[in-house]
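**Q** One structure follows; several queries about it will come next.
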Amino acid sequence: MSTKSGARRIGVLVVLCAVGLAPVGTGVAVPPPPPNPSDAELQAGKSEAQRTAGQAGELANRLAEAESLLVGLQAQVEVKMEDANKARVDLQRAETAYGQARTAADAAAAEARSAAARIEAQRSRLDEFAASSYRQGSKLGSITAYAGARDPQEMLERASLLDAISDSQLDVLDDLERARIEKVNKDSMTRAALDEAEAKRRSADEARATAEAAQQTAIQARAQQAAQAQGLQADRDSVQADLDAALSRVTGLQAQRADYQEWHEDKVREEQVVAAEPVGNDDDQAGSSAPSASGDVEAVVSRALSQLGMPYAWGGGNSRGPTRGIRDGGVADSYGDYAKTGFDCSGLMIYAFAAAGITLDHYSGYQAQSGKRVPLSQMRRGDMLFWDHGGAIHHVALYLGNGKMVEAPYSGSRVRVTQVRYGGITPYAVRVL
């Protein structure tokens with residue numbers, strides 16, 4: 001017996017006892033009946049709700065498609081950002097190699113000039129020696145070199161010495177010339193390497209400019225899609241408000257009909273009990289109510305909904321609540337997620353399921369393996385829903401029932417309740433509770 005019906009029956013008996021009347025048949029005084037809306041009123045409300053639901057469903061589908069495209073564009077943006085990062089690194093390496101090649105070329109040129117100067121100096125000394133010998137009329141050099149010789153033997157020794165000096169000078173000259181040629185060749189090869197390094201630097205710079213332009217194009221496309229999605233969201237929210245109002249009216253009428261039917265059933269039971277039992281001997285006992293099997297589910301849902309409006313922060317959230325986000329080197333950084341306190345999609349699930357004492361990993365791919373997989377046609381309140389791209393899980397949300405879910409969607413957004421998006425959704429839900 002319901003608490004409401006029990007209270008009504010006890011109230012009737014108290015009234016009867018107070019006035020000293022005994023219950024007789026069906027003539028017992030009962031509370032007045034609640035409003036009982038007609039079938040026509042119920043049908044009219046349902047028709048209005050169905051019409052508005054059709055508009056809301058159409059907009060929800062368009063919004064789901066727009067957000068699915070937005071997710072794909074976000075992935076493209078991240079790829080382009082990584083391409084730009086690679087191009088910048090390649091340019092830095094090319095510039096470093098160019099600087100090293102230039103330094104080597106300058107050093108080789110300086111060595112070649114120094115060798116040439118030494119060759120020229122030695123050649124000048126040799127020319128002066130030859131000119132002096134020619135003026136003295138002797139191929140051996142100046143006649144003064146023989147002055148003071150004590151005997152012919154010493155004169156011959158001095159002549160041999162002069163010849164040796166002349167040959168030594170020629171040998172030095174040859175060595176210096178070879179060194180100069182070697183340095184010139186080295187300088188030529190180094191400059192060729194410099195030209196190659198310069199060509200690579202220019203190519204890397206062009207690749208960087210191309211990659212950054214592609215990155216900006218991708219970012220602009222994503223921004224345009226985000227604006228379109230926001231417009232659809234506003235339209236859908238407006239129609240959803242009308243739908244909620246229509247459903248509320250229908251629910252109100254149905255509640256009135258249910259109250260009337262319950263009143264009628266209670267009235268029949270009360271009359272039966274009063275007719276069968278003497279007044280004042282009511283031993284009716286209220287049955288004990290079993291604890292709700294959905295208690296943990298409601299605790300998880302309530303915890304997730306308590307964070308509505310909390311900022312999205314990539315890498316944010318744990319079992320105790322929102323945390324500061326982390327850097328990703330891409331889109332999340334562009335939105336400043338590392339400076340925000342909030343949740344990402346898997347972080348919100350960690351916080352929600354902690355209410356039921358369940359520990360989840362901070363990775364949607366592992367969360368998809370954390371419970372029993374059930375077909376989407378059997379999903380129920382408290383199940384997790386997942387989306388994948390190319391076979392890789394990239395998003396998770398908590399199903400609320402009635403086609404709605406709560407999620408932390410993407411950088412720049414906040415935790416929200418929205419219609420289930422079926423574009424890219426996995427064919428299963430994961431049931432942990």
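If you're wondering about the labels, chains in the structure tokens are A, B, ... by order shown, residues count from 1 in each chain, ligands from 1 in order shown.
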Which residues are close to range 206-209 of chain A, i.e. within 8 Å by only C-alpha atoms, leaving aside same-chain residues fewer than 6 positions away? Reply as a list in words.

**A**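 The residues that qualify are Ala84, Ala87, Arg88 and Leu91 of chain A.
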
**Q** Find the residues near Phe386 in chain A: any atom within 10 Å, counting only C-alpha atoms, skip ones fewer than 2 places away on the same chain, and give them as number ranges by chain.

**A** A: 364-365, 367-368, 384, 388, 393-398, 422, 424-430

**Q** What's the 10 Å shell around range 238-248 of chain A, counting only C-alpha atoms, without same-chain residues fewer than 6 positions away, as a PyMOL selection string?

**A** chain A and resi 45-57+59-60+232+254

**Q** I need the residues from that last selection saved to file as a compact mmCIF listing (two decimals), in the first residue's frame (with C-alpha atoms), if you can.

**A**
```txt
# COMPACT_ATOMS: atom_id res chain seq x y z
CA GLY A 45 -1.08 18.01 -25.19
CA LYS A 46 0.64 14.98 -26.65
CA SER A 47 0.17 16.25 -30.21
CA GLU A 48 1.74 19.61 -29.33
CA ALA A 49 4.63 17.87 -27.60
CA GLN A 50 5.18 15.57 -30.60
CA ARG A 51 5.21 18.50 -33.02
CA THR A 52 7.75 20.39 -30.93
CA ALA A 53 9.77 17.22 -30.39
CA GLY A 54 10.04 16.80 -34.15
CA GLN A 55 11.52 20.29 -34.47
CA ALA A 56 13.88 19.68 -31.56
CA GLY A 57 14.92 16.31 -33.01
CA LEU A 59 17.81 20.57 -34.83
CA ALA A 60 19.48 18.04 -32.52
CA LEU A 232 22.47 25.66 -34.05
CA GLN A 254 -0.88 12.70 -16.97
```

**Q** Kindly give the distance, in Å, that separates CA of Ala199 in chain A and CA of Arg180 in chain A, rounded to a single decimal.

**A** 28.6 Å

**Q** Could you find all residues in range 251-432 of chain A that DSSP calls helix (DSSP H, G or I) from the backbone, and write them as a PyMOL selection string?

**A** chain A and resi 251-276+295-305+331-334+337-339+345-356+364-367+376-378

**Q** Quick one: pull the distance between CA of Val297 in chain A and CA of Asp361 in chain A, Å, one decimal.

**A**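 If I compute the distance from CA of Val297 in chain A to CA of Asp361 in chain A, I get 18.9 Å.
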
**Q** With only C-alpha atoms as the atoms that count, which of A:Leu176, A:Ala197, A:Leu69, A:Val77 lies nearest to Ala116 in chain A?

**A**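 Among the listed residues, the smallest separation from Ala116 in chain A belongs to A:Leu176.
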
**Q** Please identify all polymer residues within 8 Å of Thr341 in chain A, counting only C-alpha atoms, omitting same-chain residues fewer than 3 positions from it, and present them as a ChimeraX atom specification.

**A** /A:311-313,316,322-325,337

**Q** Give the answer as one residue: which of A:Tyr366, A:Ala356, A:Ser411, A:Glu265 has the shortest atom-to-atom distance to Tyr338 in chain A, using only C-alpha atoms?

**A**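 Of A:Tyr366, A:Ala356, A:Ser411, A:Glu265, the one nearest Tyr338 in chain A is A:Ser411, counting only C-alpha atoms.
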
**Q** With distances taken over only C-alpha atoms, which of A:Ala408, A:Met379, A:Val250, A:Val417 is nearest to Ala40 in chain A?

**A**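 Ranked by minimum distance to Ala40 in chain A, first place goes to A:Val250.
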
**Q** Could you please write out, as a PyMOL selection string, every residue of range 374-429 of chain A that DSSP assigns to strand (DSSP E or B)?

**A** chain A and resi 374-375+384-389+392-401+404-407+414+416-419+425-429

**Q** Could you check how far CA of Asp237 in chain A sits from CA of Ala44 in chain A, in Å to one decimal?

**A** 23.2 Å

**Q** Find the residues around Met310 in chain A up to 7 Å (only C-alpha atoms counted), leave out those fewer than 6 positions away in its own chain, and share them as a count of residues only.

**A** 3
